[in-house]
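K.L.:
Could you have a look at this structure, given as structure tokens, before my questions?
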Amino acid sequence: MSRKPTEWGHGLIQRAARREVAIVAGLAVAVLVFVAFFAARHGFFDLKVYYGAVNYWIHDHGMLYDFLKPNSKYGFTYPPFAAIVMVPMAVVPWALAIVISVGLSLAATYALLRWLVLPLALRMGWTPWFALAVGFLLIAAFEPYRETITFGQVNLLLLFLVALDLLVGVAGGRKWAGVGIGLATAIKLTPGVFILYLLVTRRWRAAGLSAGTAAVATLAAAAVDPAASREFWTSALWDTDRVGSLAFISNQSLQGMIARLNPEHPSTLAWLVLVLLAIGVWAWRVRAASLAEGLALTGVLGCLISPVTWVHHLVWLLPALILLVSAAVTARRRLWLVFAIIGYAVLCSRLVWVWEHGFGGVGGFLGSNAYVWISVALLLFLPLGSGSSAPGVAELRQAERLAA
């Protein structure tokens with residue numbers, strides 16, 4: 001007896017589901033093996049700095065910026081408002097601080113995947129859980145992401161605040177749009193580049209709210225501890241020794257590239273010229289970009305023009321890489337997909353560390369700045385308006401319902 005058409009359809013769905021489970025399981029094993037054997041482990045180094053500084057500030061009543069992690073020269077480098085946000089670390093044990101740090105980063109990752117990957121899954125007819133699972137596993141192998149987690153860094157939380165502002169707040173015409181960028185800027189100055197983005201794209205209200213939020217948060221921190229604020233803005237902010245050598249291989253910014261040409265006397269003029277060129281290209285491209293593309297391009301710009309962009313800061317490249325894949329799949333452009341795969345593979349590889357102890361010669365210059373070249377390529381060539389556009393509010397809500 002022949003099977004009914006509905007039975008055939010049900011069988012196909014079951015086989016497709018089993019295939020997806022097998023793919024996710026296989027990818028999970030591959031990523032686990034890769035991370036276990038090739039990933040560096042940093043023992044939550046930066047989180048130890050945050051934890052120690054906040055406890056020294058709260059319990060020992062010491063000056064926030066006087067604290068140095070034992071057996072190192074590294075201390076708290078963020079504005080005082082960041083320390084206020086981190087005050088809960090003063091009342092939880094170290095193990096719980098690790099759990100909270102990792103948990104918040106994972107939650108931020110999930111939100112970013114829902115905003116940036118689910119709309120693509122919706123357009124392409126992919127199973128939502130499958131798209132999210134594959135996206136997360138690929139991100140888990142990404143070196144800047146691994147570094148963020150194992151250092152206990154705040155990058156993903158700041159990226160979440162900015163993306164929330166742009167993809168939900170501005171996209172949905174919310175009155176609070178701009179608050180997230182303002183808070184991120186008050187916690188760590190580099191997200192302030194997104195205030196510039198709002199100004200260039202003439203989103204005046206959101207730009208004003210961002211700047212106002214950052215100012216209010218900064219003034220509130222000054223009211224809580226005037227001495228710490230005075231120390232940060234007059235001394236600690238300008239003390240580059242607190243963050244390490246600009247020529248260190250992990251510094252994958254334009255400044256790091258210039259510093260590796262002449263570590264003793266890096267050219268400030270050359271750096272400023274490159275920064276102005278990068279801002280000019282960004283301003284020209286970002287005017288025609290959607291909100292998601294604006295998030296991506298501005299994240300890339302921030303990595304390039306910041307004086308110090310450690311490898312873990314390059315999680316800000318994730319939106320650009322995701323949108324590059326989205327554009328390649330949607331528009332069926334093989335070259336874009338090759339670009340995305342090569343960029344992703346290099347940023348998983350720890351390639352630049354080959355030149356950690358020496359970066360002389362043409363080969364050393366090219367290889368030691370490999371991540372800088374990827375950032376430059378993304379700034380110049382990220383496709384705009386080719387399937388990578390920001391999802392509308394209705395599309396986001398539909399994707400949310402599918403994933404529920």
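In the structure tokens, chains take letters A, B, ... by order of appearance, with residues numbered from 1 within each chain and ligands from 1 in the order shown.
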List the spatial neighbours of A:Leu219 as a PyMOL selection string - criterion: any atom at most 10 Å away, only C-alpha atoms, same-chain residues fewer than 6 positions off excluded.
P.N.:
chain A and resi 80-81+186+213+225-226+229
K.L.:
Go ahead and dump the residues you just picked, N, CA, C and O atoms, as a CSV table (one decimal), in the first residue's frame.
P.N.:
chain,number,residue,atom,x,y,z
A,80,PRO,N,35.2,56.1,36.0
A,80,PRO,CA,34.6,55.8,37.3
A,80,PRO,C,33.2,55.2,37.3
A,80,PRO,O,32.8,54.4,38.1
A,81,PHE,N,32.4,55.6,36.3
A,81,PHE,CA,31.0,55.1,36.2
A,81,PHE,C,31.0,53.6,36.0
A,81,PHE,O,30.2,52.9,36.5
A,186,ALA,N,29.7,55.8,28.8
A,186,ALA,CA,30.1,56.2,30.1
A,186,ALA,C,30.9,55.1,30.8
A,186,ALA,O,31.7,55.3,31.7
A,213,THR,N,23.0,61.2,28.2
A,213,THR,CA,23.1,60.1,29.2
A,213,THR,C,24.5,59.8,29.6
A,213,THR,O,24.8,59.6,30.8
A,225,ASP,N,32.4,59.8,43.7
A,225,ASP,CA,33.8,59.8,44.1
A,225,ASP,C,34.6,60.9,43.3
A,225,ASP,O,35.2,60.6,42.2
A,226,PRO,N,34.6,62.1,43.8
A,226,PRO,CA,35.2,63.2,43.0
A,226,PRO,C,36.7,62.9,42.8
A,226,PRO,O,37.3,63.3,41.7
A,229,SER,N,37.3,60.5,39.9
A,229,SER,CA,37.0,61.1,38.6
A,229,SER,C,38.1,62.1,38.2
A,229,SER,O,38.5,62.1,37.0
K.L.:
Among the residues of stretch 139-202 of chain A, find those DSSP assigns to alpha helix (DSSP H) from the backbone and print them as a PDB file with N, CA and C atoms, in the first residue's frame.
P.N.:
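Final output, saved to out_13.pdb:
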ATOM      1  N   ILE A 139      30.495  31.458  16.311  1.00  0.00           N
ATOM      2  CA  ILE A 139      31.002  32.575  17.100  1.00  0.00           C
ATOM      3  C   ILE A 139      31.907  32.073  18.224  1.00  0.00           C
ATOM      4  N   ALA A 140      31.582  30.927  18.809  1.00  0.00           N
ATOM      5  CA  ALA A 140      32.377  30.386  19.911  1.00  0.00           C
ATOM      6  C   ALA A 140      33.810  30.086  19.489  1.00  0.00           C
ATOM      7  N   GLU A 143      38.193  33.988  17.577  1.00  0.00           N
ATOM      8  CA  GLU A 143      39.207  34.335  18.586  1.00  0.00           C
ATOM      9  C   GLU A 143      38.822  35.532  19.458  1.00  0.00           C
ATOM     10  N   PRO A 144      38.357  36.647  18.901  1.00  0.00           N
ATOM     11  CA  PRO A 144      37.985  37.760  19.781  1.00  0.00           C
ATOM     12  C   PRO A 144      36.886  37.391  20.775  1.00  0.00           C
ATOM     13  N   TYR A 145      35.973  36.519  20.373  1.00  0.00           N
ATOM     14  CA  TYR A 145      34.915  36.081  21.285  1.00  0.00           C
ATOM     15  C   TYR A 145      35.497  35.218  22.392  1.00  0.00           C
ATOM     16  N   ARG A 146      36.357  34.266  22.023  1.00  0.00           N
ATOM     17  CA  ARG A 146      37.000  33.418  23.022  1.00  0.00           C
ATOM     18  C   ARG A 146      37.801  34.262  24.008  1.00  0.00           C
ATOM     19  N   GLU A 147      38.510  35.269  23.481  1.00  0.00           N
ATOM     20  CA  GLU A 147      39.321  36.129  24.337  1.00  0.00           C
ATOM     21  C   GLU A 147      38.439  36.938  25.289  1.00  0.00           C
ATOM     22  N   THR A 148      37.320  37.422  24.776  1.00  0.00           N
ATOM     23  CA  THR A 148      36.396  38.177  25.625  1.00  0.00           C
ATOM     24  C   THR A 148      35.902  37.324  26.787  1.00  0.00           C
ATOM     25  N   ILE A 149      35.527  36.089  26.507  1.00  0.00           N
ATOM     26  CA  ILE A 149      35.019  35.204  27.552  1.00  0.00           C
ATOM     27  C   ILE A 149      36.119  34.855  28.547  1.00  0.00           C
ATOM     28  N   THR A 150      37.284  34.440  28.066  1.00  0.00           N
ATOM     29  CA  THR A 150      38.321  33.947  28.972  1.00  0.00           C
ATOM     30  C   THR A 150      39.066  35.057  29.704  1.00  0.00           C
ATOM     31  N   PHE A 151      39.030  36.280  29.175  1.00  0.00           N
ATOM     32  CA  PHE A 151      39.557  37.417  29.922  1.00  0.00           C
ATOM     33  C   PHE A 151      38.532  37.948  30.922  1.00  0.00           C
ATOM     34  N   ASN A 155      33.189  43.539  26.540  1.00  0.00           N
ATOM     35  CA  ASN A 155      32.898  43.941  25.155  1.00  0.00           C
ATOM     36  C   ASN A 155      31.511  43.566  24.681  1.00  0.00           C
ATOM     37  N   LEU A 156      31.103  42.337  24.951  1.00  0.00           N
ATOM     38  CA  LEU A 156      29.809  41.862  24.454  1.00  0.00           C
ATOM     39  C   LEU A 156      28.654  42.617  25.082  1.00  0.00           C
ATOM     40  N   LEU A 157      28.798  42.996  26.337  1.00  0.00           N
ATOM     41  CA  LEU A 157      27.730  43.740  27.012  1.00  0.00           C
ATOM     42  C   LEU A 157      27.587  45.133  26.405  1.00  0.00           C
ATOM     43  N   LEU A 158      28.713  45.755  26.062  1.00  0.00           N
ATOM     44  CA  LEU A 158      28.662  47.069  25.427  1.00  0.00           C
ATOM     45  C   LEU A 158      28.084  46.966  24.018  1.00  0.00           C
ATOM     46  N   LEU A 159      28.479  45.924  23.283  1.00  0.00           N
ATOM     47  CA  LEU A 159      27.915  45.701  21.946  1.00  0.00           C
ATOM     48  C   LEU A 159      26.411  45.478  22.034  1.00  0.00           C
ATOM     49  N   PHE A 160      25.979  44.764  23.057  1.00  0.00           N
ATOM     50  CA  PHE A 160      24.544  44.544  23.265  1.00  0.00           C
ATOM     51  C   PHE A 160      23.820  45.869  23.484  1.00  0.00           C
ATOM     52  N   LEU A 161      24.360  46.741  24.335  1.00  0.00           N
ATOM     53  CA  LEU A 161      23.711  48.025  24.620  1.00  0.00           C
ATOM     54  C   LEU A 161      23.583  48.863  23.348  1.00  0.00           C
ATOM     55  N   VAL A 162      24.646  48.883  22.542  1.00  0.00           N
ATOM     56  CA  VAL A 162      24.621  49.673  21.306  1.00  0.00           C
ATOM     57  C   VAL A 162      23.641  49.075  20.303  1.00  0.00           C
ATOM     58  N   ALA A 163      23.684  47.744  20.130  1.00  0.00           N
ATOM     59  CA  ALA A 163      22.776  47.092  19.181  1.00  0.00           C
ATOM     60  C   ALA A 163      21.321  47.249  19.621  1.00  0.00           C
ATOM     61  N   VAL A 179      19.877  55.912  24.866  1.00  0.00           N
ATOM     62  CA  VAL A 179      20.302  55.686  26.252  1.00  0.00           C
ATOM     63  C   VAL A 179      21.379  54.602  26.317  1.00  0.00           C
ATOM     64  N   GLY A 180      21.193  53.530  25.555  1.00  0.00           N
ATOM     65  CA  GLY A 180      22.154  52.429  25.589  1.00  0.00           C
ATOM     66  C   GLY A 180      23.537  52.864  25.148  1.00  0.00           C
ATOM     67  N   ILE A 181      23.612  53.637  24.070  1.00  0.00           N
ATOM     68  CA  ILE A 181      24.898  54.134  23.585  1.00  0.00           C
ATOM     69  C   ILE A 181      25.522  55.060  24.614  1.00  0.00           C
ATOM     70  N   GLY A 182      24.699  55.894  25.256  1.00  0.00           N
ATOM     71  CA  GLY A 182      25.212  56.786  26.287  1.00  0.00           C
ATOM     72  C   GLY A 182      25.787  56.033  27.466  1.00  0.00           C
ATOM     73  N   LEU A 183      25.092  54.990  27.920  1.00  0.00           N
ATOM     74  CA  LEU A 183      25.588  54.188  29.043  1.00  0.00           C
ATOM     75  C   LEU A 183      26.876  53.455  28.657  1.00  0.00           C
ATOM     76  N   ALA A 184      26.904  52.892  27.441  1.00  0.00           N
ATOM     77  CA  ALA A 184      28.103  52.192  26.986  1.00  0.00           C
ATOM     78  C   ALA A 184      29.299  53.134  26.934  1.00  0.00           C
ATOM     79  N   THR A 185      29.064  54.372  26.497  1.00  0.00           N
ATOM     80  CA  THR A 185      30.134  55.362  26.418  1.00  0.00           C
ATOM     81  C   THR A 185      30.625  55.763  27.800  1.00  0.00           C
ATOM     82  N   ALA A 186      29.717  55.844  28.771  1.00  0.00           N
ATOM     83  CA  ALA A 186      30.111  56.197  30.139  1.00  0.00           C
ATOM     84  C   ALA A 186      30.884  55.067  30.802  1.00  0.00           C
ATOM     85  N   ILE A 187      30.627  53.832  30.381  1.00  0.00           N
ATOM     86  CA  ILE A 187      31.339  52.680  30.938  1.00  0.00           C
ATOM     87  C   ILE A 187      32.726  52.559  30.320  1.00  0.00           C
ATOM     88  N   VAL A 193      31.972  56.478  19.600  1.00  0.00           N
ATOM     89  CA  VAL A 193      31.972  56.632  18.148  1.00  0.00           C
ATOM     90  C   VAL A 193      30.557  56.481  17.587  1.00  0.00           C
ATOM     91  N   PHE A 194      29.675  55.796  18.313  1.00  0.00           N
ATOM     92  CA  PHE A 194      28.302  55.632  17.835  1.00  0.00           C
ATOM     93  C   PHE A 194      27.486  56.916  18.025  1.00  0.00           C
ATOM     94  N   ILE A 195      27.898  57.792  18.923  1.00  0.00           N
ATOM     95  CA  ILE A 195      27.263  59.106  19.002  1.00  0.00           C
ATOM     96  C   ILE A 195      27.574  59.875  17.721  1.00  0.00           C
ATOM     97  N   LEU A 196      28.825  59.747  17.263  1.00  0.00           N
ATOM     98  CA  LEU A 196      29.206  60.363  15.988  1.00  0.00           C
ATOM     99  C   LEU A 196      28.366  59.788  14.849  1.00  0.00           C
ATOM    100  N   TYR A 197      28.117  58.478  14.884  1.00  0.00           N
ATOM    101  CA  TYR A 197      27.276  57.842  13.860  1.00  0.00           C
ATOM    102  C   TYR A 197      25.879  58.459  13.840  1.00  0.00           C
ATOM    103  N   LEU A 198      25.292  58.642  15.021  1.00  0.00           N
ATOM    104  CA  LEU A 198      23.959  59.233  15.098  1.00  0.00           C
ATOM    105  C   LEU A 198      23.955  60.657  14.559  1.00  0.00           C
ATOM    106  N   LEU A 199      25.033  61.403  14.795  1.00  0.00           N
ATOM    107  CA  LEU A 199      25.130  62.773  14.290  1.00  0.00           C
ATOM    108  C   LEU A 199      25.285  62.786  12.764  1.00  0.00           C
ATOM    109  N   VAL A 200      26.156  61.932  12.234  1.00  0.00           N
ATOM    110  CA  VAL A 200      26.395  61.893  10.789  1.00  0.00           C
ATOM    111  C   VAL A 200      25.137  61.488  10.037  1.00  0.00           C
TER     112      VAL A 200
END
K.L.:
If we count only C-alpha atoms, what is near stretch 360-363 of chain A at a cut-off of 12 Å, once residues fewer than 3 positions away on the same chain are taken out, given as a list in words?
P.N.:
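Using only C-alpha atoms, the neighbours found are Ala247, Met257, Ala259, Arg260, Leu261, Asn262, Pro263, Val352, Val354, Trp355, Glu356, His357, Leu366, Gly367, Ser368, Asn369 and Ala370 of chain A.
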K.L.:
Quick one: of A:Pro191, A:Gly212, A:Gly43, A:Gly62, who's nearest to A:Gln153, counting only C-alpha atoms?
P.N.:
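Among A:Pro191, A:Gly212, A:Gly43, A:Gly62, it is A:Gly43 that comes nearest to A:Gln153.
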K.L.:
Would you work out the distance separating atom CA of A:Trp316 from atom CA of A:Trp94, expressed in Å to one decimal?
P.N.:
27.4 Å
